[in-house]
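Okay, my_file.tsv now, which holds TSV, C-alpha atoms and all ligand atoms:
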chain	number	residue	atom	x	y	z
A	1	ALA	CA	8.04	31.20	2.53
A	2	GLN	CA	10.46	28.52	1.38
A	3	ALA	CA	9.33	26.57	-1.70
A	4	ALA	CA	6.95	23.77	-0.68
A	5	GLU	CA	9.06	21.07	-2.25
A	6	ALA	CA	12.00	22.20	-0.13
A	7	THR	CA	9.99	21.95	3.09
A	8	ALA	CA	8.05	18.72	2.44
A	9	GLN	CA	9.78	16.24	4.77
A	10	ASN	CA	8.15	13.11	3.38
A	11	LEU	CA	5.88	11.88	0.57
A	12	THR	CA	2.77	12.31	2.69
A	13	GLN	CA	3.50	16.02	3.11
A	14	PHE	CA	3.70	16.31	-0.67
A	15	GLU	CA	0.34	14.53	-0.76
A	16	THR	CA	-1.08	16.90	1.84
A	17	LEU	CA	-0.34	19.85	-0.49
A	18	ALA	CA	-2.57	18.18	-3.08
A	19	LEU	CA	-5.53	17.32	-0.86
A	20	SER	CA	-7.66	20.34	-1.72
A	21	SER	CA	-6.82	20.50	-5.41
A	22	ARG	CA	-9.32	19.43	-8.07
A	23	LEU	CA	-6.36	17.84	-9.91
A	24	ASN	CA	-4.92	15.72	-7.10
A	25	LEU	CA	-3.01	12.88	-8.76
A	26	ALA	CA	-0.58	12.59	-5.85
A	27	ASP	CA	-1.79	10.15	-3.18
A	28	GLY	CA	-2.55	6.46	-3.64
A	29	HIS	CA	-5.91	6.72	-1.91
A	30	ALA	CA	-9.07	5.84	-3.84
A	31	ARG	CA	-10.84	8.97	-5.08
A	32	GLN	CA	-12.89	7.63	-8.00
A	33	GLU	CA	-16.71	7.73	-7.99
A	34	LEU	CA	-18.60	5.07	-6.05
A	35	THR	CA	-20.03	2.38	-8.31
A	36	PRO	CA	-23.82	1.87	-8.10
A	37	PRO	CA	-23.49	-1.20	-5.80
A	38	GLN	CA	-21.04	0.75	-3.59
A	39	ARG	CA	-23.46	3.68	-3.52
A	40	ARG	CA	-26.12	1.26	-2.21
A	41	VAL	CA	-23.82	0.32	0.68
A	42	ILE	CA	-23.43	3.99	1.54
A	43	ASP	CA	-27.20	4.49	1.30
A	44	ASP	CA	-27.55	1.60	3.77
A	45	LEU	CA	-25.26	3.18	6.39
A	46	PRO	CA	-28.11	4.15	8.73
A	47	ALA	CA	-29.27	0.51	8.78
A	48	LEU	CA	-25.66	-0.67	9.14
A	49	TRP	CA	-25.35	1.64	12.14
A	50	VAL	CA	-28.27	-0.10	13.86
A	51	GLU	CA	-26.83	-3.54	12.99
A	52	ALA	CA	-23.37	-2.53	14.23
A	53	ALA	CA	-24.83	-1.41	17.54
A	54	GLU	CA	-26.75	-4.63	18.07
A	55	ARG	CA	-24.58	-7.52	16.89
A	56	PRO	CA	-21.58	-9.00	18.81
A	57	VAL	CA	-18.42	-7.19	17.69
A	58	ASP	CA	-16.28	-10.34	17.30
A	59	GLU	CA	-18.87	-11.75	14.88
A	60	ILE	CA	-18.81	-8.52	12.85
A	61	GLU	CA	-15.02	-8.42	12.89
A	62	ARG	CA	-14.66	-12.02	11.74
A	63	ALA	CA	-17.15	-11.55	8.90
A	64	ALA	CA	-15.39	-8.40	7.64
A	65	CYS	CA	-11.94	-10.00	7.78
A	66	HIS	CA	-13.15	-13.19	6.10
A	67	ALA	CA	-14.94	-11.30	3.32
A	68	PHE	CA	-12.09	-8.87	2.64
A	69	LEU	CA	-9.28	-11.44	2.59
A	70	GLY	CA	-11.45	-13.88	0.63
A	71	ALA	CA	-12.08	-11.27	-2.07
A	72	LEU	CA	-8.29	-11.04	-2.49
A	73	GLY	CA	-7.77	-14.81	-2.76
A	74	GLN	CA	-6.57	-15.08	0.85
A	75	HIS	CA	-8.98	-17.89	1.72
A	76	SER	CA	-7.14	-19.10	4.84
A	77	HIS	CA	-6.55	-16.81	7.81
A	78	PRO	CA	-5.85	-17.23	11.54
A	79	PHE	CA	-8.75	-15.10	12.83
A	80	ASP	CA	-10.15	-17.94	14.98
A	81	ASP	CA	-6.70	-18.35	16.59
A	82	GLY	CA	-6.86	-14.71	17.66
A	83	ARG	CA	-3.97	-13.79	15.35
A	84	VAL	CA	-5.75	-11.03	13.36
A	85	LEU	CA	-5.62	-7.61	15.05
A	86	ALA	CA	-7.86	-4.85	13.61
A	87	CYS	CA	-6.48	-1.28	13.51
A	88	TYR	CA	-7.78	2.09	12.30
A	89	SER	CA	-5.25	2.05	9.46
A	90	SER	CA	-2.43	-0.03	8.05
A	91	SER	CA	0.09	2.61	9.17
A	92	LEU	CA	-1.09	2.17	12.74
A	93	ALA	CA	-0.66	-1.59	12.33
A	94	MET	CA	2.85	-0.88	11.06
A	95	GLU	CA	3.63	1.35	14.07
A	96	ILE	CA	2.48	-1.41	16.43
A	97	PHE	CA	4.62	-3.96	14.56
A	98	ALA	CA	7.65	-1.62	14.63
A	99	ARG	CA	7.38	-1.00	18.38
A	100	ALA	CA	7.06	-4.72	18.97
A	101	LEU	CA	10.05	-5.63	16.80
A	102	ALA	CA	12.20	-2.97	18.46
A	103	THR	CA	11.80	-4.81	21.77
A	104	GLU	CA	13.96	-7.65	20.43
A	105	SER	CA	15.96	-6.36	17.45
A	106	ASP	CA	17.90	-3.26	16.39
A	107	ALA	CA	18.10	-3.86	12.64
A	108	ILE	CA	15.69	-4.64	9.81
A	109	ALA	CA	16.21	-5.39	6.10
A	110	LEU	CA	13.74	-3.28	4.08
A	111	ILE	CA	12.85	-3.38	0.40
A	112	HIS	CA	14.21	-0.44	-1.63
A	113	PRO	CA	12.58	1.64	-3.02
A	114	THR	CA	9.28	1.80	-1.17
A	115	PHE	CA	6.84	4.33	0.31
A	116	ASP	CA	8.79	6.41	2.83
A	117	ASN	CA	6.38	6.19	5.76
A	118	ILE	CA	7.62	2.61	6.16
A	119	PRO	CA	11.32	3.45	6.75
A	120	ASP	CA	10.27	6.54	8.72
A	121	ILE	CA	8.08	4.50	11.08
A	122	LEU	CA	10.81	1.87	11.47
A	123	ARG	CA	13.52	4.49	12.14
A	124	GLY	CA	11.12	6.18	14.54
A	125	VAL	CA	11.35	3.25	16.97
A	126	GLY	CA	15.15	3.22	16.69
A	127	LEU	CA	15.63	0.41	14.17
A	128	ARG	CA	18.67	0.52	11.87
A	129	LEU	CA	17.60	-0.06	8.26
A	130	VAL	CA	19.44	-2.23	5.76
A	131	PRO	CA	18.16	-1.65	2.19
A	132	VAL	CA	17.41	-4.69	0.01
A	133	GLU	CA	17.04	-3.75	-3.66
A	134	GLU	CA	13.75	-4.96	-5.13
A	135	ASP	CA	15.62	-6.76	-7.94
A	136	ALA	CA	17.81	-8.60	-5.41
A	137	LEU	CA	14.71	-9.70	-3.54
A	138	HIS	CA	13.14	-11.11	-6.70
A	139	ASP	CA	16.30	-12.62	-8.16
A	140	GLY	CA	16.98	-15.26	-5.53
A	141	PRO	CA	18.05	-16.05	-1.98
A	142	LEU	CA	19.26	-13.21	0.21
A	143	PRO	CA	22.89	-13.29	1.39
A	144	THR	CA	23.27	-15.32	4.58
A	145	GLU	CA	25.35	-12.57	6.16
A	146	LEU	CA	22.40	-10.18	5.70
A	147	LEU	CA	20.03	-12.56	7.50
A	148	GLN	CA	22.56	-12.94	10.30
A	149	ARG	CA	22.59	-9.22	11.07
A	150	VAL	CA	18.88	-8.30	11.01
A	151	GLY	CA	15.90	-9.33	13.11
A	152	CYS	CA	13.39	-8.96	10.28
A	153	VAL	CA	12.99	-8.76	6.51
A	154	PHE	CA	10.23	-6.31	5.46
A	155	VAL	CA	8.74	-6.55	1.97
A	156	THR	CA	6.05	-4.36	0.39
A	157	THR	CA	4.22	-6.56	-2.15
A	158	PRO	CA	2.92	-5.35	-4.56
A	159	ASN	CA	5.62	-2.75	-4.06
A	160	ASN	CA	4.90	0.97	-4.06
A	161	PRO	CA	5.57	2.69	-6.50
A	162	THR	CA	6.83	-0.13	-8.76
A	163	GLY	CA	3.79	-2.44	-8.56
A	164	ARG	CA	6.06	-5.47	-8.50
A	165	VAL	CA	4.54	-8.57	-6.86
A	166	LEU	CA	6.56	-11.16	-4.93
A	167	PRO	CA	5.59	-14.44	-6.65
A	168	GLU	CA	4.58	-17.46	-4.60
A	169	GLU	CA	7.83	-19.34	-5.22
A	170	ARG	CA	9.96	-16.39	-4.09
A	171	LEU	CA	7.82	-15.87	-1.01
A	172	ARG	CA	8.32	-19.55	-0.18
A	173	GLY	CA	12.09	-19.30	-0.64
A	174	LEU	CA	12.32	-16.12	1.42
A	175	ALA	CA	10.13	-17.56	4.19
A	176	GLU	CA	12.28	-20.70	4.35
A	177	GLN	CA	15.44	-18.58	4.60
A	178	CYS	CA	13.88	-16.53	7.39
A	179	ALA	CA	12.79	-19.71	9.18
A	180	GLU	CA	16.34	-21.04	8.96
A	181	HIS	CA	17.77	-17.89	10.57
A	182	GLY	CA	14.99	-17.17	13.05
A	183	VAL	CA	14.29	-13.87	11.27
A	184	VAL	CA	10.77	-12.38	11.22
A	185	LEU	CA	9.31	-11.98	7.70
A	186	THR	CA	6.92	-9.05	7.43
A	187	LEU	CA	4.78	-8.15	4.40
A	188	ASP	CA	2.93	-4.91	3.65
A	189	THR	CA	0.25	-6.05	1.21
A	190	SER	CA	-1.68	-2.75	1.00
A	191	PHE	CA	-1.83	-2.86	-2.81
A	192	ARG	CA	-2.56	-6.59	-3.23
A	193	GLY	CA	-6.19	-5.97	-4.19
A	194	PHE	CA	-5.15	-4.49	-7.54
A	195	ASP	CA	-3.12	-7.40	-8.90
A	196	THR	CA	-4.43	-10.94	-9.27
A	197	ASP	CA	-0.77	-12.09	-9.28
A	198	ALA	CA	-0.95	-11.28	-5.55
A	199	HIS	CA	-4.16	-13.29	-5.04
A	200	TYR	CA	-2.46	-16.51	-3.92
A	201	ASP	CA	-2.66	-17.80	-0.34
A	202	HIS	CA	0.27	-15.96	1.26
A	203	TYR	CA	-0.57	-17.19	4.76
A	204	ALA	CA	-0.51	-20.85	3.69
A	205	VAL	CA	2.98	-20.35	2.23
A	206	LEU	CA	4.16	-18.53	5.36
A	207	GLU	CA	2.64	-21.10	7.76
A	208	ALA	CA	4.17	-24.01	5.81
A	209	SER	CA	7.64	-22.47	6.01
A	210	GLY	CA	7.64	-22.41	9.80
A	211	CYS	CA	9.01	-18.86	9.87
A	212	ARG	CA	7.92	-16.12	12.28
A	213	TRP	CA	5.73	-13.87	10.15
A	214	VAL	CA	3.63	-10.70	10.19
A	215	VAL	CA	1.38	-9.39	7.42
A	216	ILE	CA	-0.15	-5.90	7.30
A	217	GLU	CA	-3.34	-5.79	5.21
A	218	ASP	CA	-5.10	-2.55	4.20
A	219	THR	CA	-8.68	-1.96	3.06
A	220	GLY	CA	-7.92	1.73	2.48
A	221	LYS	CA	-6.43	1.75	-1.02
A	222	LEU	CA	-9.20	0.03	-2.96
A	223	TRP	CA	-12.46	1.88	-2.48
A	224	PRO	CA	-13.48	5.59	-2.14
A	225	THR	CA	-14.58	5.32	1.52
A	226	LEU	CA	-13.43	8.80	2.68
A	227	GLU	CA	-10.59	7.34	4.83
A	228	LEU	CA	-12.96	4.95	6.60
A	229	LYS	CA	-10.77	1.83	6.55
A	230	ILE	CA	-9.25	-1.05	8.46
A	231	GLY	CA	-5.61	-2.11	8.71
A	232	TRP	CA	-5.24	-5.75	9.78
A	233	LEU	CA	-2.13	-6.92	11.62
A	234	VAL	CA	-1.91	-10.69	11.04
A	235	HIS	CA	0.81	-12.89	12.55
A	236	SER	CA	2.16	-16.39	13.04
A	237	ALA	CA	1.44	-18.39	16.18
A	238	GLU	CA	4.98	-18.20	17.61
A	239	VAL	CA	5.89	-14.76	16.27
A	240	GLY	CA	7.44	-13.99	19.66
A	241	LEU	CA	6.64	-10.26	19.54
A	242	PRO	CA	4.40	-8.32	21.98
A	243	LEU	CA	1.92	-7.43	19.21
A	244	GLU	CA	-1.21	-8.02	21.32
A	245	LYS	CA	0.19	-6.06	24.26
A	246	ILE	CA	1.17	-3.04	22.17
A	247	HIS	CA	-2.07	-3.22	20.15
A	248	SER	CA	-3.99	-3.06	23.43
A	249	ASP	CA	-1.82	-0.16	24.63
A	250	ILE	CA	-3.12	1.81	21.66
A	251	LEU	CA	-6.75	0.74	21.10
A	252	LEU	CA	-9.58	-1.41	22.37
A	253	GLY	CA	-11.15	-1.97	18.97
A	254	VAL	CA	-12.18	-0.47	15.64
A	255	SER	CA	-15.63	0.73	14.61
A	256	PRO	CA	-18.09	-2.11	13.91
A	257	LEU	CA	-19.80	0.26	11.49
A	258	VAL	CA	-16.62	0.53	9.40
A	259	LEU	CA	-16.21	-3.26	9.62
A	260	LEU	CA	-19.75	-3.79	8.28
A	261	MET	CA	-19.09	-1.32	5.47
A	262	VAL	CA	-15.84	-3.12	4.58
A	263	GLN	CA	-17.65	-6.46	4.56
A	264	ARG	CA	-20.30	-5.14	2.18
A	265	PHE	CA	-17.70	-3.59	-0.17
A	266	ALA	CA	-15.69	-6.82	-0.07
A	267	GLU	CA	-18.75	-8.95	-0.90
A	268	ASP	CA	-19.47	-6.67	-3.87
A	269	ALA	CA	-15.79	-6.96	-4.89
A	270	ALA	CA	-15.93	-10.77	-4.76
A	271	GLY	CA	-19.13	-10.68	-6.82
A	272	GLY	CA	-17.53	-8.84	-9.75
A	273	GLY	CA	-16.71	-5.44	-8.31
A	274	LEU	CA	-12.99	-6.17	-8.07
A	275	ALA	CA	-12.81	-7.15	-11.74
A	276	ASP	CA	-14.60	-3.88	-12.57
A	277	LEU	CA	-12.04	-1.99	-10.46
A	278	HIS	CA	-9.17	-3.71	-12.30
A	279	ARG	CA	-10.69	-2.64	-15.62
A	280	HIS	CA	-11.11	0.93	-14.34
A	281	ILE	CA	-7.44	1.09	-13.30
A	282	ALA	CA	-6.27	-0.50	-16.57
A	283	ASP	CA	-8.37	1.97	-18.59
A	284	ASN	CA	-6.95	4.89	-16.59
A	285	ARG	CA	-3.39	3.60	-17.07
A	286	ALA	CA	-3.99	3.44	-20.83
A	287	LEU	CA	-5.60	6.90	-20.79
A	288	LEU	CA	-2.56	8.38	-19.03
A	289	ARG	CA	-0.02	6.68	-21.28
A	290	ASN	CA	-1.93	7.51	-24.49
A	291	SER	CA	-2.29	11.16	-23.40
A	292	LEU	CA	1.49	11.44	-23.30
A	293	ALA	CA	2.13	9.56	-26.54
A	294	GLY	CA	4.63	11.41	-28.70
A	295	VAL	CA	6.08	13.51	-25.88
A	296	PRO	CA	9.89	13.30	-26.30
A	297	ASP	CA	12.23	11.91	-23.65
A	298	ILE	CA	9.70	10.33	-21.30
A	299	SER	CA	8.89	6.71	-20.45
A	300	PHE	CA	6.70	4.69	-18.11
A	301	VAL	CA	9.04	2.75	-15.86
A	302	ASP	CA	6.82	-0.08	-14.58
A	303	THR	CA	5.54	-1.61	-17.80
A	304	PHE	CA	3.62	-4.44	-16.14
A	305	SER	CA	2.33	-2.71	-13.02
A	306	ARG	CA	-1.37	-3.22	-12.26
A	307	THR	CA	-1.58	-1.17	-9.07
A	308	SER	CA	-3.40	2.17	-8.78
A	309	VAL	CA	-0.29	4.24	-9.52
A	310	ASP	CA	2.04	4.70	-12.50
A	311	ARG	CA	5.62	5.93	-12.53
A	312	LEU	CA	6.73	8.38	-15.24
A	313	HIS	CA	10.40	8.95	-16.12
A	314	VAL	CA	10.88	12.48	-17.50
A	315	GLY	CA	14.29	11.98	-19.13
A	316	ASP	CA	16.86	14.67	-18.41
A	317	ARG	CA	14.24	16.92	-16.84
A	318	GLN	CA	14.35	17.22	-13.03
A	319	GLY	CA	11.26	15.59	-11.52
A	320	LEU	CA	10.93	18.45	-9.04
A	321	ASP	CA	10.95	21.00	-11.88
A	322	VAL	CA	8.06	19.16	-13.55
A	323	TRP	CA	6.33	18.87	-10.18
A	324	SER	CA	6.59	22.66	-9.65
A	325	ALA	CA	5.55	23.51	-13.23
A	326	VAL	CA	2.36	21.42	-13.18
A	327	ARG	CA	1.55	22.74	-9.69
A	328	GLU	CA	1.17	26.17	-11.31
A	329	HIS	CA	-1.90	24.64	-13.02
A	330	GLN	CA	-3.24	23.12	-9.76
A	331	LEU	CA	-2.06	19.66	-10.88
A	332	TYR	CA	-0.28	17.58	-8.22
A	333	LEU	CA	1.90	14.55	-8.88
A	334	LEU	CA	4.30	12.82	-6.49
A	335	PRO	CA	8.06	13.34	-6.96
A	336	CYS	CA	9.82	10.03	-6.37
A	337	GLN	CA	13.05	10.92	-4.55
A	338	LYS	CA	11.69	9.94	-1.15
A	339	PHE	CA	10.64	6.45	-2.27
A	340	HIS	CA	14.39	5.88	-2.64
A	341	TRP	CA	14.88	6.24	1.10
A	342	ALA	CA	18.49	5.00	1.03
A	343	ASN	CA	19.53	6.88	-2.15
A	344	PRO	CA	17.09	9.70	-3.01
A	345	SER	CA	18.88	10.84	-6.18
A	346	GLU	CA	17.73	7.60	-7.83
A	347	GLY	CA	14.27	9.17	-7.94
A	348	SER	CA	15.31	12.59	-9.32
A	349	HIS	CA	13.80	12.00	-12.77
A	350	THR	CA	10.60	10.14	-11.93
A	351	LEU	CA	7.15	11.18	-10.75
A	352	ARG	CA	4.24	8.97	-9.63
A	353	VAL	CA	0.73	9.48	-10.99
A	354	ALA	CA	-2.34	8.23	-9.11
A	355	LEU	CA	-4.83	6.19	-11.16
A	356	SER	CA	-7.65	5.70	-8.61
A	357	ARG	CA	-9.38	8.78	-9.93
A	358	ASN	CA	-12.31	9.73	-12.14
A	359	PRO	CA	-11.28	9.43	-15.78
A	360	LEU	CA	-12.10	13.11	-16.40
A	361	ALA	CA	-9.80	14.31	-13.62
A	362	LEU	CA	-7.04	12.02	-14.86
A	363	SER	CA	-7.52	13.11	-18.47
A	364	THR	CA	-7.49	16.80	-17.54
A	365	GLY	CA	-4.36	16.27	-15.45
A	366	ALA	CA	-2.66	14.31	-18.22
A	367	GLN	CA	-3.31	17.12	-20.71
A	368	VAL	CA	-1.79	19.67	-18.30
A	369	LEU	CA	1.20	17.36	-17.84
A	370	ARG	CA	1.55	16.91	-21.61
A	371	SER	CA	1.56	20.66	-22.25
A	372	VAL	CA	4.14	21.26	-19.52
A	373	LEU	CA	6.42	18.51	-20.81
A	374	LEU	CA	6.16	19.76	-24.40
A	375	ALA	CA	6.95	23.29	-23.26
A	376	GLY	CA	10.38	21.93	-22.31
A	401	LIG	N1	0.32	7.04	6.87
A	401	LIG	C1	0.54	7.64	5.70
A	401	LIG	N2	1.58	8.41	5.51
A	401	LIG	N3	-0.37	7.48	4.74
A	401	LIG	C2	-0.12	7.89	3.39
A	401	LIG	C3	-0.15	6.64	2.53
A	401	LIG	O1	-1.34	5.90	2.73
A	401	LIG	C4	-0.12	7.05	1.07
A	401	LIG	C5	0.32	5.92	0.23
A	401	LIG	O2	0.54	4.82	0.67
A	401	LIG	C6	0.51	6.21	-1.19
A	401	LIG	O3	0.22	7.37	-1.60
A	401	LIG	O4	0.97	5.32	-1.92

Any chance you could give the structure as structure tokens?
Amino acid sequence: AQAAEATAQNLTQFETLALSSRLNLADGHARQELTPPQRRVIDDLPALWVEAAERPVDEIERAACHAFLGALGQHSHPFDDGRVLACYSSSLAMEIFARALATESDAIALIHPTFDNIPDILRGVGLRLVPVEEDALHDGPLPTELLQRVGCVFVTTPNNPTGRVLPEERLRGLAEQCAEHGVVLTLDTSFRGFDTDAHYDHYAVLEASGCRWVVIEDTGKLWPTLELKIGWLVHSAEVGLPLEKIHSDILLGVSPLVLLMVQRFAEDAAGGGLADLHRHIADNRALLRNSLAGVPDISFVDTFSRTSVDRLHVGDRQGLDVWSAVREHQLYLLPCQKFHWANPSEGSHTLRVALSRNPLALSTGAQVLRSVLLAG
């Protein structure tokens, strides 16, 4: 059989290889232990089931959305205007958005690098992609000629794998540029829960700009809920895309049980659980970096990242060689080529390490990684 790394077509297939390993540091999903308050929510699931079956679903949906966004500092939202569409996952929300955009545009400007299921979904509906380097996005206005040849600008913030957050002032400037050119501004905010720099009111900034906007929120990265999650597709009043129609082509609604669980996790997060999660991620980031202290010719690329992943540069070593060597010890990392969807070689010497893990698993994995790196 051909080597796995040669057959993996995207990052998620690399992550799939890791799913059954005890040292899975590949995917950005939350795999740490439940905290005691979270365990109490899980213990309450039978009662939540009864509640979910009895209460009106729109009431449950509003409460979950309000609690989740509120825990992330997103205190305003257009739920009561019917502009918040619940999906089984954020990737499904993205697919719905992509199909809707493709009905009116053939080109989209997309942040580079970013997680490859985003460009793959966008290409999948026939959109032509124009890369926008993350630095260019943060440095200042986009070139007018770029905005004249795309129907949308798509930004992952915090970005994956870099962790870089689009600050409020830059979001405002970008939204105003998009408003000026009639271009849709779309945000994937799946990692916003990890970084308080992303806890400003994005929707207020977007609404004030007058631009056409879409935001894809994700409950799935924060808590260890065994893939029980909600992706929310949120949009501006005059977005001018058939989002509702395509959403209804694909689903009637999400599980009220999952919504109730999300609400309870979000209420715990708002009550101190999110600060605890931030400490857990920070402690794991320090554990990883300290475990590799003294290893020659490596560096951590995203010094200030607070998200649940960390990017390691392995010097002159090939990232895929390190990936294969640690796999011999059942350790799985994520090679970064495919984040660089427009120029994969940029990611040849970096690997991403997941931090939403139990400290023991991370520590064990870091020791395996250290020994492999020292072996040359
Ligand atoms: N629909 C897909 N492909 N899901 C995988 C994605 O959630 C993993 C991810 O975002 C990360 O590992 O950073």

Just want the 10 Å neighbourhood of range 30-44 of chain A, counted on all atoms listed in the file, with same-chain residues fewer than 5 positions away dropped. Output as a VMD selection string. chain A and resid 24 to 25 49 220 to 227 260 to 266 268 to 269 273 276 to 277 280 308 354 to 359 361

Axis-aligned box over every listed atom of ligand LIG 401 (chain A), padded by 5 Å per side: centre and edges in Å to one decimal, as lines of an AutoDock Vina configuration file?
center_x = 0.1
center_y = 6.6
center_z = 2.5
size_x = 12.9
size_y = 13.6
size_z = 18.8

Can you tell me how far CA of Thr156 in chain A sits from CA of Leu110 in chain A, in Å to one decimal?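 Going from CA of Thr156 in chain A over to CA of Leu110 in chain A covers 8.6 Å.
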
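Our summary of the geometry notes that CA of Arg285 in chain A is positioned 7.2 Å from CA of Asp310 in chain A.
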
Restricting the calculation to all atoms listed in the file, which member of A:Tyr332, A:Phe97, A:Phe300, A:Trp213 is positioned closest to Gly365 in chain A?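 That would be A:Tyr332, the residue with the smallest distance to Gly365 in chain A.
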
Selected residue, from A:His66, A:Gln9, A:Leu174, A:Ala208, that lies nearest to Asp80 in chain A when counting only C-alpha atoms: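 Ranked by minimum distance to Asp80 in chain A, first place goes to A:His66.
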
Which residues are near ligand LIG 401 (chain A) in this structure, taking near to mean any atom at most 6 Å from a ligand atom and counting all atoms listed in the file? Format them as a compact mmCIF listing (two decimals) with C-alpha atoms, in the frame of the given file.
# COMPACT_ATOMS: atom_id res chain seq x y z
CA THR A 12 2.77 12.31 2.69
CA ASP A 27 -1.79 10.15 -3.18
CA GLY A 28 -2.55 6.46 -3.64
CA SER A 91 0.09 2.61 9.17
CA ASN A 117 6.38 6.19 5.76

Please report the interatomic distance between CA of Leu320 in chain A and CA of Leu334 in chain A in Å with one decimal.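 Separation between CA of Leu320 in chain A and CA of Leu334 in chain A: 9.1 Å.
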
Is there a way to get, as JSON, numbers by chain, all residues within 6 Å of the point (11.8, -15.2, 9.2) in file coordinates, counting all atoms listed in the file? {"A": [175, 178, 179, 182, 183, 184, 185, 211, 212]}

Nearest to Leu351 in chain A: which of A:Leu85, A:Val309, A:Ala6, A:Leu171 is it, counting all atoms listed in the file?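 Closest residue, counting all atoms listed in the file: A:Val309.
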